[in-house]
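Below is one structure, written out as structure tokens, with a few remarks after it.
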Amino acid sequence: MSAVMVVHGGAWAIPHDLAEASVDGVKVAACEGFSVLQRGGSALDAVEAAVRALEDNTVFDAGHGAVLNADGEVELDAIIMDGRTLASGAVSSVNNIANPVSLARAVMEKTAHVLLTSRGANLFAESIGMATVPGDTLVTENERKAWRKNKNFATEVMEDFNCQAHDTVGAVAVDSAGNVACATSTGGIRNKMVGRVGDSSIIGAGGYADNLIGAVSCTGHGESILKVTLARLILSHIEQGKSLADASQLSLQYMGDRVRGAGGAIAVSPSGQWAATFTTERMAWSAVDHDGLWYGLDPNERLKEQWYDHLLPL
Amino acid sequence: MFPVVVVHGGAGQVPKERSEGSSLGVRMAARAGYAILRGGGSSMDAVVEAVSQLENDPFFNAGRGSLLNIKGEVEMDAIVMDGKTLGCGAVSAVLNIANPIRLARLVMDKTSHVCLTAEGANRFARSVGVPEVPPESLVTEYSRMCWAKNLAPGTNRGDSQMSQMGKMGTVGAVAVDRQGNVACATSTGGVANKMEGRVGDTACIGSGGYADNQVGAVSSTGYGEAIMKVNLARLILFHMEQGQSVEAASGLGLAYMESRVGGLGGVVTVDPQGHWAARFSSLQMAWAAAQKDTLHYGMQTGEDFTHSIDDPL
């Protein structure tokens, strides 16, 4: 049984000037996660490590580099799920936390609950001694600029949400014991209403993991993903016998047809199959399996990195 | 096809001294929802009306009468979903609002979002003119007593499902109207003595509720964390998509939740053809359904009393 790691860095029309950094970022994160698996670590440990790497990378909208809400502040959502027990932890609307995925894991492991929000989530972080950082330090200068620009052009008309940045990050993995796990983390959409919660902290929407079927992490237009409970929908198609790629494609197509939303998903099965699928213009993704390191950005791209040892953490 | 509304007042263990009030409450709510359907109104209007009444009714763990969090405060979650468009509105950890279900509907109707939480939800309420009520107006003697009892050392503070099975639960409703549109609505104060900011299944689409004109609608109640782990509402609808009846699908979903994650609960389920079910794996669930001018209701497993909708309650 060979381990597999897949990560995504967001499904949207990634512009040229961010493309290279996005692809580099997902490759590094995939290697980070895979090295955990190589050392015999669990799928849960691996997805947390991969998503932490993506949260720390300011090119993605999660943790550091998150977009700002209507008040110009950071509000972060994250989820993690263990396919073996269906245990899950999630946080919504937290600020001042550099790695929400780790806080989500703490919710799962240190409380009797699955989801904590806002002030309660922040209080919990303090209670377990998780370091808080000033919200400002999570925001890049570029994001401040973009936010200001966005505010000046804000109108009452619903924005064309499919053109917005949706660089939620996520990871799925299967370890050598056949356990699957998923994790997803985001700062949400720029200029979202204060307190807006998207799919990334909602179990079955932003992610789902079940050893009996597989694990999925989603990205894209959050409200659409919520309405079709995308992660769970993909897994239901896999349960019905579809391949991971077909299940993902079908579900994303359905999301587009039924609620006009675009997005992407990564999926892994307990037997080590994986897929990275998207209906947006681009999605930065990377996977590591027994065959090597794979990655892509544009539709139908499936590139292989010949030598990637240098990307593995020491 | 006969329009129907099915209402639940929470799955758990309803204390004997409260069972009459709970049973009456769900019957009144079902009747109110049915009046809307009978008049040609929408399933969304029907479920929101039914749940609003249960929120106003101090016998239920929603709105007034909500169980208190560990700090002794009321934090509420609610969700509505429209089966025609898959439109959805939810609020989580909202304070000082008499009818969170109406606020959830406003999130759906007036914003481009699906879920607003905590201070953001309250701010939105202010912006659309939904009044805030004094926090004490939502607290009852019973909820305060439960809170105090759960604080006592030696009692499980919402850690085991037994502790919150001992109290009444979340409220909810599903309906299908004359146009064949289905809808669901669910509202709760959450589990007794929950951590501040704890959000359960009720605000999570696919768990606390789901509605899709192509399949049906479900509203869930019970051990919230377990409902979330199995995405109970969506799971039941997947079974219906595979050809199971409302009754069988609901039973399958609940059985799976019990075997896989050890959770008990209940659901009300409806399909676009007007078939309905009220099923629970917990000891009791106060429920009532109204269809073809007949009121059905029950509390214990196997109960299905009926009388004419116009009979005095």
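Letters A, B, ... mark the chains of the structure tokens in the order given; residue numbers begin at 1 per chain; ligand numbers begin at 1, in order shown.
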Chain A contacts on chain B, only C-alpha atoms, 8 Å, as a PyMOL selection string: chain B and resi 85-88+93+112-121+158-159+195-200+204-206+225+228-231+238+260-261
Write the residues of the selection above to a file with N, CA, C and O atoms, as a compact mmCIF listing (two decimals), in the first residue's frame.
# COMPACT_ATOMS: atom_id res chain seq x y z
N THR B 85 -33.91 26.22 -5.70
CA THR B 85 -32.69 26.87 -6.17
C THR B 85 -31.45 26.37 -5.46
O THR B 85 -30.34 26.75 -5.83
N LEU B 86 -31.63 25.54 -4.42
CA LEU B 86 -30.55 25.18 -3.50
C LEU B 86 -30.05 26.42 -2.75
O LEU B 86 -28.99 26.41 -2.14
N GLY B 87 -30.86 27.49 -2.76
CA GLY B 87 -30.53 28.67 -1.98
C GLY B 87 -30.51 28.28 -0.51
O GLY B 87 -31.28 27.44 -0.06
N CYS B 88 -29.59 28.90 0.23
CA CYS B 88 -29.45 28.51 1.63
C CYS B 88 -29.03 29.72 2.46
O CYS B 88 -28.28 30.58 1.99
N ALA B 93 -23.84 30.90 16.10
CA ALA B 93 -23.40 31.63 17.29
C ALA B 93 -23.93 33.06 17.32
O ALA B 93 -23.20 33.99 17.64
N SER B 112 -25.21 37.82 -0.64
CA SER B 112 -24.68 36.86 -1.61
C SER B 112 -23.97 35.72 -0.89
O SER B 112 -23.25 34.94 -1.51
N HIS B 113 -24.17 35.63 0.42
CA HIS B 113 -23.52 34.59 1.20
C HIS B 113 -24.51 33.54 1.67
O HIS B 113 -25.73 33.70 1.52
N VAL B 114 -23.98 32.48 2.27
CA VAL B 114 -24.83 31.40 2.79
C VAL B 114 -24.82 31.39 4.31
O VAL B 114 -25.84 31.12 4.93
N CYS B 115 -23.70 31.73 4.90
CA CYS B 115 -23.59 31.62 6.35
C CYS B 115 -22.88 32.83 6.95
O CYS B 115 -21.82 33.23 6.46
N LEU B 116 -23.47 33.39 7.98
CA LEU B 116 -22.84 34.47 8.74
C LEU B 116 -22.73 34.02 10.19
O LEU B 116 -23.64 33.40 10.73
N THR B 117 -21.62 34.37 10.82
CA THR B 117 -21.40 33.91 12.18
C THR B 117 -21.21 35.03 13.17
O THR B 117 -20.73 36.13 12.81
N ALA B 118 -21.62 34.76 14.40
CA ALA B 118 -21.30 35.60 15.56
C ALA B 118 -21.58 37.09 15.33
O ALA B 118 -22.64 37.48 14.88
N GLU B 119 -20.57 37.92 15.61
CA GLU B 119 -20.77 39.36 15.55
C GLU B 119 -21.19 39.79 14.14
O GLU B 119 -22.00 40.71 13.98
N GLY B 120 -20.67 39.14 13.14
CA GLY B 120 -21.05 39.46 11.76
C GLY B 120 -22.52 39.22 11.52
O GLY B 120 -23.20 40.00 10.84
N ALA B 121 -23.05 38.15 12.09
CA ALA B 121 -24.47 37.85 11.94
C ALA B 121 -25.30 38.89 12.67
O ALA B 121 -26.35 39.34 12.18
N GLY B 158 -21.78 17.94 28.45
CA GLY B 158 -21.93 17.88 26.99
C GLY B 158 -20.87 17.02 26.35
O GLY B 158 -20.76 16.96 25.15
N ASP B 159 -20.06 16.35 27.19
CA ASP B 159 -19.00 15.52 26.62
C ASP B 159 -19.56 14.22 26.10
O ASP B 159 -19.10 13.70 25.11
N MET B 195 -19.04 24.71 24.73
CA MET B 195 -17.98 25.71 24.75
C MET B 195 -18.48 26.95 24.02
O MET B 195 -19.30 26.86 23.11
N GLU B 196 -17.97 28.09 24.42
CA GLU B 196 -18.30 29.32 23.73
C GLU B 196 -17.90 29.19 22.27
O GLU B 196 -16.81 28.74 21.95
N GLY B 197 -18.81 29.57 21.38
CA GLY B 197 -18.47 29.49 19.96
C GLY B 197 -18.65 28.12 19.34
O GLY B 197 -18.36 27.92 18.16
N ARG B 198 -19.15 27.16 20.11
CA ARG B 198 -19.37 25.85 19.53
C ARG B 198 -20.53 25.93 18.55
O ARG B 198 -21.61 26.43 18.86
N VAL B 199 -20.29 25.45 17.34
CA VAL B 199 -21.33 25.39 16.33
C VAL B 199 -21.61 23.91 16.06
O VAL B 199 -20.69 23.13 15.82
N GLY B 200 -22.87 23.52 16.10
CA GLY B 200 -23.23 22.12 15.85
C GLY B 200 -23.71 21.94 14.42
O GLY B 200 -23.44 22.75 13.54
N CYS B 204 -24.91 23.90 9.64
CA CYS B 204 -24.07 23.29 8.60
C CYS B 204 -24.92 22.59 7.55
O CYS B 204 -25.54 21.55 7.83
N ILE B 205 -24.89 23.15 6.35
CA ILE B 205 -25.68 22.60 5.26
C ILE B 205 -25.26 21.16 4.98
O ILE B 205 -24.07 20.85 4.95
N GLY B 206 -26.25 20.30 4.86
CA GLY B 206 -25.95 18.88 4.63
C GLY B 206 -26.00 18.08 5.92
O GLY B 206 -26.15 16.87 5.90
N GLU B 225 -22.52 16.72 16.93
CA GLU B 225 -21.21 16.35 16.39
C GLU B 225 -21.31 15.06 15.55
O GLU B 225 -20.66 14.94 14.52
N MET B 228 -22.91 15.84 12.19
CA MET B 228 -21.95 16.47 11.28
C MET B 228 -21.03 15.44 10.65
O MET B 228 -20.77 15.47 9.44
N LYS B 229 -20.54 14.52 11.48
CA LYS B 229 -19.56 13.55 10.98
C LYS B 229 -20.11 12.68 9.86
O LYS B 229 -19.37 12.23 8.99
N VAL B 230 -21.40 12.43 9.87
CA VAL B 230 -21.97 11.61 8.80
C VAL B 230 -22.78 12.45 7.82
O VAL B 230 -23.38 11.89 6.90
N ASN B 231 -22.79 13.77 7.97
CA ASN B 231 -23.56 14.63 7.06
C ASN B 231 -24.97 14.06 6.95
O ASN B 231 -25.44 13.75 5.85
N PHE B 238 -29.07 11.00 -0.18
CA PHE B 238 -28.35 10.11 -1.11
C PHE B 238 -29.07 8.75 -1.20
O PHE B 238 -29.23 8.19 -2.28
N ARG B 260 -21.56 3.90 13.14
CA ARG B 260 -20.23 4.40 12.75
C ARG B 260 -19.64 5.34 13.81
O ARG B 260 -18.45 5.30 14.09
N VAL B 261 -20.47 6.23 14.37
CA VAL B 261 -19.93 7.22 15.30
C VAL B 261 -20.66 7.26 16.65
O VAL B 261 -20.45 8.18 17.44
Strand (DSSP E or B) call set, DSSP backbone run, stretch 37-225 of chain B, as an NGL selection string: :B and (76-82 or 87-94 or 115-117 or 171-176 or 182-188 or 198-199 or 205 or 209-212 or 216-222)
Dump of C-alpha atoms for the selected residues, as a CSV table (one decimal), in the first residue's frame:
chain,number,residue,atom,x,y,z
B,76,MET,CA,-28.0,30.2,18.5
B,77,ASP,CA,-27.6,28.4,15.2
B,78,ALA,CA,-30.2,28.2,12.4
B,79,ILE,CA,-30.5,27.2,8.7
B,80,VAL,CA,-33.0,27.4,5.9
B,81,MET,CA,-32.8,25.8,2.5
B,82,ASP,CA,-34.9,26.2,-0.6
B,87,GLY,CA,-30.5,28.7,-2.0
B,88,CYS,CA,-29.4,28.5,1.6
B,89,GLY,CA,-29.1,30.8,4.6
B,90,ALA,CA,-27.5,30.1,7.9
B,91,VAL,CA,-26.4,31.9,11.1
B,92,SER,CA,-24.1,30.4,13.7
B,93,ALA,CA,-23.4,31.6,17.3
B,94,VAL,CA,-25.8,34.6,17.0
B,115,CYS,CA,-23.6,31.6,6.3
B,116,LEU,CA,-22.8,34.5,8.7
B,117,THR,CA,-21.4,33.9,12.2
B,171,VAL,CA,-36.3,22.2,16.4
B,172,GLY,CA,-37.0,21.9,12.7
B,173,ALA,CA,-39.4,21.4,9.9
B,174,VAL,CA,-39.6,20.2,6.3
B,175,ALA,CA,-42.4,20.8,3.8
B,176,VAL,CA,-43.5,20.3,0.2
B,182,VAL,CA,-39.4,21.4,-0.8
B,183,ALA,CA,-37.8,23.3,2.0
B,184,CYS,CA,-36.2,22.7,5.3
B,185,ALA,CA,-35.6,24.8,8.4
B,186,THR,CA,-33.7,24.0,11.6
B,187,SER,CA,-32.9,26.1,14.7
B,188,THR,CA,-31.2,25.5,18.0
B,198,ARG,CA,-19.4,25.8,19.5
B,199,VAL,CA,-21.3,25.4,16.3
B,205,ILE,CA,-25.7,22.6,5.3
B,209,GLY,CA,-30.7,20.2,7.0
B,210,TYR,CA,-30.8,19.9,3.2
B,211,ALA,CA,-33.4,20.5,0.6
B,212,ASP,CA,-33.4,19.7,-3.1
B,216,GLY,CA,-36.5,15.8,-1.0
B,217,ALA,CA,-35.8,17.7,2.3
B,218,VAL,CA,-34.5,16.7,5.7
B,219,SER,CA,-34.2,18.4,9.1
B,220,SER,CA,-32.0,16.8,11.7
B,221,THR,CA,-31.8,16.8,15.5
B,222,GLY,CA,-29.8,14.9,18.0
Backbone DSSP call of helix (DSSP H, G or I) for stretch 41-171 of chain A, listed as a PyMOL selection string: chain A and resi 43-56+100-110+118-127+135-138+141-152+161-163
Keeping only C-alpha atoms, write the selected residues as a PDB file, in the first residue's frame.
ATOM      1  CA  ALA A  43      -2.430  10.872   6.639  1.00  0.00           C
ATOM      2  CA  LEU A  44      -3.719  13.277   9.277  1.00  0.00           C
ATOM      3  CA  ASP A  45      -0.196  14.464  10.133  1.00  0.00           C
ATOM      4  CA  ALA A  46       0.621  14.761   6.449  1.00  0.00           C
ATOM      5  CA  VAL A  47      -2.349  16.931   5.481  1.00  0.00           C
ATOM      6  CA  GLU A  48      -1.761  19.183   8.452  1.00  0.00           C
ATOM      7  CA  ALA A  49       1.901  19.618   7.513  1.00  0.00           C
ATOM      8  CA  ALA A  50       1.065  20.336   3.879  1.00  0.00           C
ATOM      9  CA  VAL A  51      -1.621  22.867   4.699  1.00  0.00           C
ATOM     10  CA  ARG A  52       0.611  24.568   7.262  1.00  0.00           C
ATOM     11  CA  ALA A  53       3.176  25.041   4.529  1.00  0.00           C
ATOM     12  CA  LEU A  54       0.531  26.596   2.300  1.00  0.00           C
ATOM     13  CA  GLU A  55      -0.786  28.804   5.122  1.00  0.00           C
ATOM     14  CA  ASP A  56       2.741  30.098   5.744  1.00  0.00           C
ATOM     15  CA  PRO A 100      -5.843  27.736  11.479  1.00  0.00           C
ATOM     16  CA  VAL A 101      -5.497  24.116  10.307  1.00  0.00           C
ATOM     17  CA  SER A 102      -3.606  23.332  13.503  1.00  0.00           C
ATOM     18  CA  LEU A 103      -6.251  25.063  15.579  1.00  0.00           C
ATOM     19  CA  ALA A 104      -8.860  22.974  13.759  1.00  0.00           C
ATOM     20  CA  ARG A 105      -6.908  19.858  14.662  1.00  0.00           C
ATOM     21  CA  ALA A 106      -6.829  20.951  18.297  1.00  0.00           C
ATOM     22  CA  VAL A 107     -10.618  21.346  18.240  1.00  0.00           C
ATOM     23  CA  MET A 108     -10.828  17.773  17.006  1.00  0.00           C
ATOM     24  CA  GLU A 109      -8.376  16.348  19.539  1.00  0.00           C
ATOM     25  CA  LYS A 110      -8.880  18.483  22.610  1.00  0.00           C
ATOM     26  CA  SER A 118     -15.072  33.518  16.127  1.00  0.00           C
ATOM     27  CA  ARG A 119     -14.383  34.679  19.645  1.00  0.00           C
ATOM     28  CA  GLY A 120     -14.979  31.221  21.100  1.00  0.00           C
ATOM     29  CA  ALA A 121     -12.411  29.740  18.737  1.00  0.00           C
ATOM     30  CA  ASN A 122      -9.893  32.433  19.600  1.00  0.00           C
ATOM     31  CA  LEU A 123     -10.475  31.903  23.324  1.00  0.00           C
ATOM     32  CA  PHE A 124      -9.887  28.195  22.849  1.00  0.00           C
ATOM     33  CA  ALA A 125      -6.622  28.927  21.052  1.00  0.00           C
ATOM     34  CA  GLU A 126      -5.491  31.000  24.014  1.00  0.00           C
ATOM     35  CA  SER A 127      -6.563  28.331  26.451  1.00  0.00           C
ATOM     36  CA  GLY A 135      -3.854  40.254  12.522  1.00  0.00           C
ATOM     37  CA  ASP A 136      -1.809  42.796  10.586  1.00  0.00           C
ATOM     38  CA  THR A 137       1.105  40.408  10.224  1.00  0.00           C
ATOM     39  CA  LEU A 138      -1.069  38.004   8.252  1.00  0.00           C
ATOM     40  CA  GLU A 141       0.855  44.885   1.282  1.00  0.00           C
ATOM     41  CA  ASN A 142      -0.453  43.646  -2.038  1.00  0.00           C
ATOM     42  CA  GLU A 143      -3.648  42.458  -0.415  1.00  0.00           C
ATOM     43  CA  ARG A 144      -4.143  45.819   1.349  1.00  0.00           C
ATOM     44  CA  LYS A 145      -3.752  47.561  -1.981  1.00  0.00           C
ATOM     45  CA  ALA A 146      -6.094  45.185  -3.775  1.00  0.00           C
ATOM     46  CA  TRP A 147      -8.643  45.477  -0.978  1.00  0.00           C
ATOM     47  CA  ARG A 148      -8.614  49.258  -1.115  1.00  0.00           C
ATOM     48  CA  LYS A 149      -9.054  49.143  -4.877  1.00  0.00           C
ATOM     49  CA  ASN A 150     -11.885  46.651  -4.566  1.00  0.00           C
ATOM     50  CA  LYS A 151     -13.644  48.825  -1.993  1.00  0.00           C
ATOM     51  CA  ASN A 152     -13.513  51.857  -4.239  1.00  0.00           C
ATOM     52  CA  PHE A 161     -17.796  35.603  -8.246  1.00  0.00           C
ATOM     53  CA  ASN A 162     -16.149  33.249 -10.639  1.00  0.00           C
ATOM     54  CA  CYS A 163     -13.512  35.862 -11.384  1.00  0.00           C
TER      55      CYS A 163
END
Within 12 Å of stretch 11-19 of chain B, counting only C-alpha atoms, which residues show up once you throw out same-chain ones fewer than 6 positions away? Write them as a PDB file with C-alpha atoms, in the first residue's frame, please.
ATOM      1  CA  GLY B  25     -45.922  22.820  20.764  1.00  0.00           C
ATOM      2  CA  VAL B  26     -45.069  20.720  17.732  1.00  0.00           C
ATOM      3  CA  PRO B  58     -40.055  28.215  25.780  1.00  0.00           C
ATOM      4  CA  PHE B  59     -40.491  24.448  25.771  1.00  0.00           C
ATOM      5  CA  PHE B  60     -37.903  24.036  23.031  1.00  0.00           C
ATOM      6  CA  ASN B  61     -34.157  24.436  22.752  1.00  0.00           C
ATOM      7  CA  TYR B 142     -35.506  25.506  32.991  1.00  0.00           C
ATOM      8  CA  CYS B 146     -29.985  22.680  33.286  1.00  0.00           C
ATOM      9  CA  GLN B 161     -24.134  12.197  24.245  1.00  0.00           C
ATOM     10  CA  MET B 162     -26.017  10.886  27.247  1.00  0.00           C
ATOM     11  CA  SER B 163     -25.816  14.258  28.912  1.00  0.00           C
ATOM     12  CA  GLN B 164     -27.360  16.114  26.065  1.00  0.00           C
ATOM     13  CA  MET B 165     -29.725  13.340  25.255  1.00  0.00           C
ATOM     14  CA  GLY B 166     -31.245  14.099  28.607  1.00  0.00           C
ATOM     15  CA  LYS B 167     -32.516  17.429  27.399  1.00  0.00           C
ATOM     16  CA  MET B 168     -34.809  18.528  24.667  1.00  0.00           C
ATOM     17  CA  GLY B 169     -33.179  19.313  21.371  1.00  0.00           C
ATOM     18  CA  THR B 170     -33.067  21.365  18.245  1.00  0.00           C
ATOM     19  CA  VAL B 171     -36.303  22.184  16.381  1.00  0.00           C
ATOM     20  CA  GLY B 172     -36.979  21.889  12.696  1.00  0.00           C
ATOM     21  CA  THR B 188     -31.193  25.474  18.030  1.00  0.00           C
ATOM     22  CA  VAL B 191     -25.902  21.370  23.328  1.00  0.00           C
ATOM     23  CA  SER B 219     -34.170  18.449   9.052  1.00  0.00           C
ATOM     24  CA  SER B 220     -32.019  16.758  11.707  1.00  0.00           C
ATOM     25  CA  THR B 221     -31.836  16.773  15.472  1.00  0.00           C
ATOM     26  CA  GLY B 222     -29.812  14.885  18.046  1.00  0.00           C
ATOM     27  CA  TYR B 223     -26.147  14.641  18.887  1.00  0.00           C
ATOM     28  CA  GLY B 224     -24.804  17.462  16.738  1.00  0.00           C
ATOM     29  CA  LEU B 254     -29.777   7.083  11.591  1.00  0.00           C
ATOM     30  CA  GLY B 263     -24.593   9.024  17.794  1.00  0.00           C
ATOM     31  CA  LEU B 264     -28.350   9.092  18.324  1.00  0.00           C
ATOM     32  CA  GLY B 265     -30.810  11.512  16.818  1.00  0.00           C
ATOM     33  CA  GLY B 266     -33.891  12.005  14.711  1.00  0.00           C
ATOM     34  CA  VAL B 267     -35.042  13.436  11.418  1.00  0.00           C
ATOM     35  CA  VAL B 268     -38.099  14.625   9.600  1.00  0.00           C
ATOM     36  CA  ALA B 278     -40.500  11.202  11.284  1.00  0.00           C
ATOM     37  CA  ARG B 279     -37.807   8.798  12.498  1.00  0.00           C
ATOM     38  CA  PHE B 280     -35.539   8.750  15.516  1.00  0.00           C
ATOM     39  CA  SER B 281     -33.000   6.482  17.171  1.00  0.00           C
ATOM     40  CA  SER B 282     -33.107   8.363  20.457  1.00  0.00           C
ATOM     41  CA  LEU B 283     -35.597   7.540  23.184  1.00  0.00           C
ATOM     42  CA  GLN B 284     -38.064  10.185  22.122  1.00  0.00           C
ATOM     43  CA  MET B 285     -38.707  12.875  19.592  1.00  0.00           C
ATOM     44  CA  ALA B 286     -41.680  15.230  19.708  1.00  0.00           C
ATOM     45  CA  TRP B 287     -42.981  15.471  16.161  1.00  0.00           C
ATOM     46  CA  GLY B 298     -46.047  11.242  18.341  1.00  0.00           C
ATOM     47  CA  MET B 299     -43.271  11.197  20.909  1.00  0.00           C
ATOM     48  CA  GLN B 300     -42.298   7.588  21.666  1.00  0.00           C
ATOM     49  CA  THR B 301     -41.097   5.124  19.051  1.00  0.00           C
TER      50      THR B 301
END
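Between atom CA of A:Ala265 and atom CA of A:Ala173 there is a distance of 13.2 Å.
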Best match for closeness to A:Cys182 among A:Ala3, A:Ala262, A:Leu235, A:Ile79, counting only C-alpha atoms: A:Ile79
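The smallest atom-to-atom distance between B:Leu295 and any of B:Ala248, B:Leu235, B:Leu37, B:Ile309, using only C-alpha atoms, is found for B:Ile309.
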Spatial neighbours of stretch 21-35 of chain A, max dist 7 Å, only C-alpha atoms, sep filter under 3 positions, as a list in words: Met5, Val6, Val7, His8, Gly9, Leu18, Gln38, Arg39, Ala46, Val47, Ala49, Ala50, Ala53, Leu54, Val59, Ala284, Trp285, Ser286, Ala287, Val288, Leu311, Leu312 and Pro313 of chain A
Near-B:Ser143 list (12 Å; only C-alpha atoms; drop same-chain fewer than 5 positions) as JSON, numbers by chain: {"B": [58, 59, 60, 61, 62, 63, 64, 65, 66, 67, 68, 69, 70, 72, 73, 74, 136, 137, 138, 148, 149, 150, 167, 168, 169, 189, 190, 191, 192, 193]}
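Among A:Gly292, A:Gly65, A:Gly129, A:Gly214, the residue with the shortest atom-to-atom distance to A:Gln273, counting only C-alpha atoms, is A:Gly214.
The shell of residues at most 10 Å from B:Lys110, with only C-alpha atoms counted and near chain neighbours (fewer than 4 positions) removed, consists of Gly89, Ala104, Arg105, Leu106, Phe124 and Val128 of chain B.
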Would you save the residues from that selection as a CSV table (one decimal), in the first residue's frame, using N, CA, C and O atoms?
chain,number,residue,atom,x,y,z
B,89,GLY,N,-29.5,29.8,3.7
B,89,GLY,CA,-29.1,30.8,4.6
B,89,GLY,C,-28.9,30.2,6.0
B,89,GLY,O,-29.7,29.4,6.4
B,104,ALA,N,-31.7,33.7,9.4
B,104,ALA,CA,-31.1,32.8,8.4
B,104,ALA,C,-31.7,33.0,7.1
B,104,ALA,O,-31.0,33.1,6.0
B,105,ARG,N,-33.1,33.2,7.0
B,105,ARG,CA,-33.7,33.4,5.8
B,105,ARG,C,-33.3,34.7,5.1
B,105,ARG,O,-33.1,34.8,3.9
B,106,LEU,N,-33.1,35.7,5.9
B,106,LEU,CA,-32.6,37.0,5.4
B,106,LEU,C,-31.2,36.9,4.8
B,106,LEU,O,-30.9,37.6,3.8
B,124,PHE,N,-25.3,42.1,10.7
B,124,PHE,CA,-26.2,42.0,9.6
B,124,PHE,C,-27.6,42.2,10.1
B,124,PHE,O,-28.4,42.9,9.4
B,128,VAL,N,-30.4,45.1,8.7
B,128,VAL,CA,-31.7,44.8,8.0
B,128,VAL,C,-32.9,45.1,9.0
B,128,VAL,O,-34.0,44.7,8.7
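We find atom CA of A:Val74 and atom CA of B:Arg123 to be spaced 16.7 Å apart.
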A:Cys218 environment, 8 Å, only C-alpha atoms, sequence neighbours closer than 2 positions dropped, as number ranges by chain: A: 170, 184, 200, 205-207, 216, 220, 225, 230-231, 263-266
For C-alpha atoms, I'd like the residues from the last selection saved as a PDB file, in the first residue's frame.
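Wrote selection.pdb, looks like this:
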ATOM      1  CA  GLY A 170      -6.072  22.130   0.868  1.00  0.00           C
ATOM      2  CA  THR A 184      -8.721  22.843   3.902  1.00  0.00           C
ATOM      3  CA  SER A 200     -13.850  25.635   4.125  1.00  0.00           C
ATOM      4  CA  ALA A 205     -18.570  20.964   1.694  1.00  0.00           C
ATOM      5  CA  GLY A 206     -14.949  22.154   1.949  1.00  0.00           C
ATOM      6  CA  GLY A 207     -13.702  18.690   2.747  1.00  0.00           C
ATOM      7  CA  VAL A 216     -11.657  15.260  -0.828  1.00  0.00           C
ATOM      8  CA  GLY A 220     -13.626  27.638  -5.642  1.00  0.00           C
ATOM      9  CA  ILE A 225     -19.605  24.481  -2.918  1.00  0.00           C
ATOM     10  CA  LEU A 230     -19.320  19.285  -2.989  1.00  0.00           C
ATOM     11  CA  ALA A 231     -16.882  17.075  -1.060  1.00  0.00           C
ATOM     12  CA  GLY A 263     -14.234  25.388  -8.487  1.00  0.00           C
ATOM     13  CA  GLY A 264     -11.842  22.516  -8.093  1.00  0.00           C
ATOM     14  CA  ALA A 265     -11.266  19.433  -6.009  1.00  0.00           C
ATOM     15  CA  ILE A 266      -8.516  17.017  -5.133  1.00  0.00           C
TER      16      ILE A 266
END
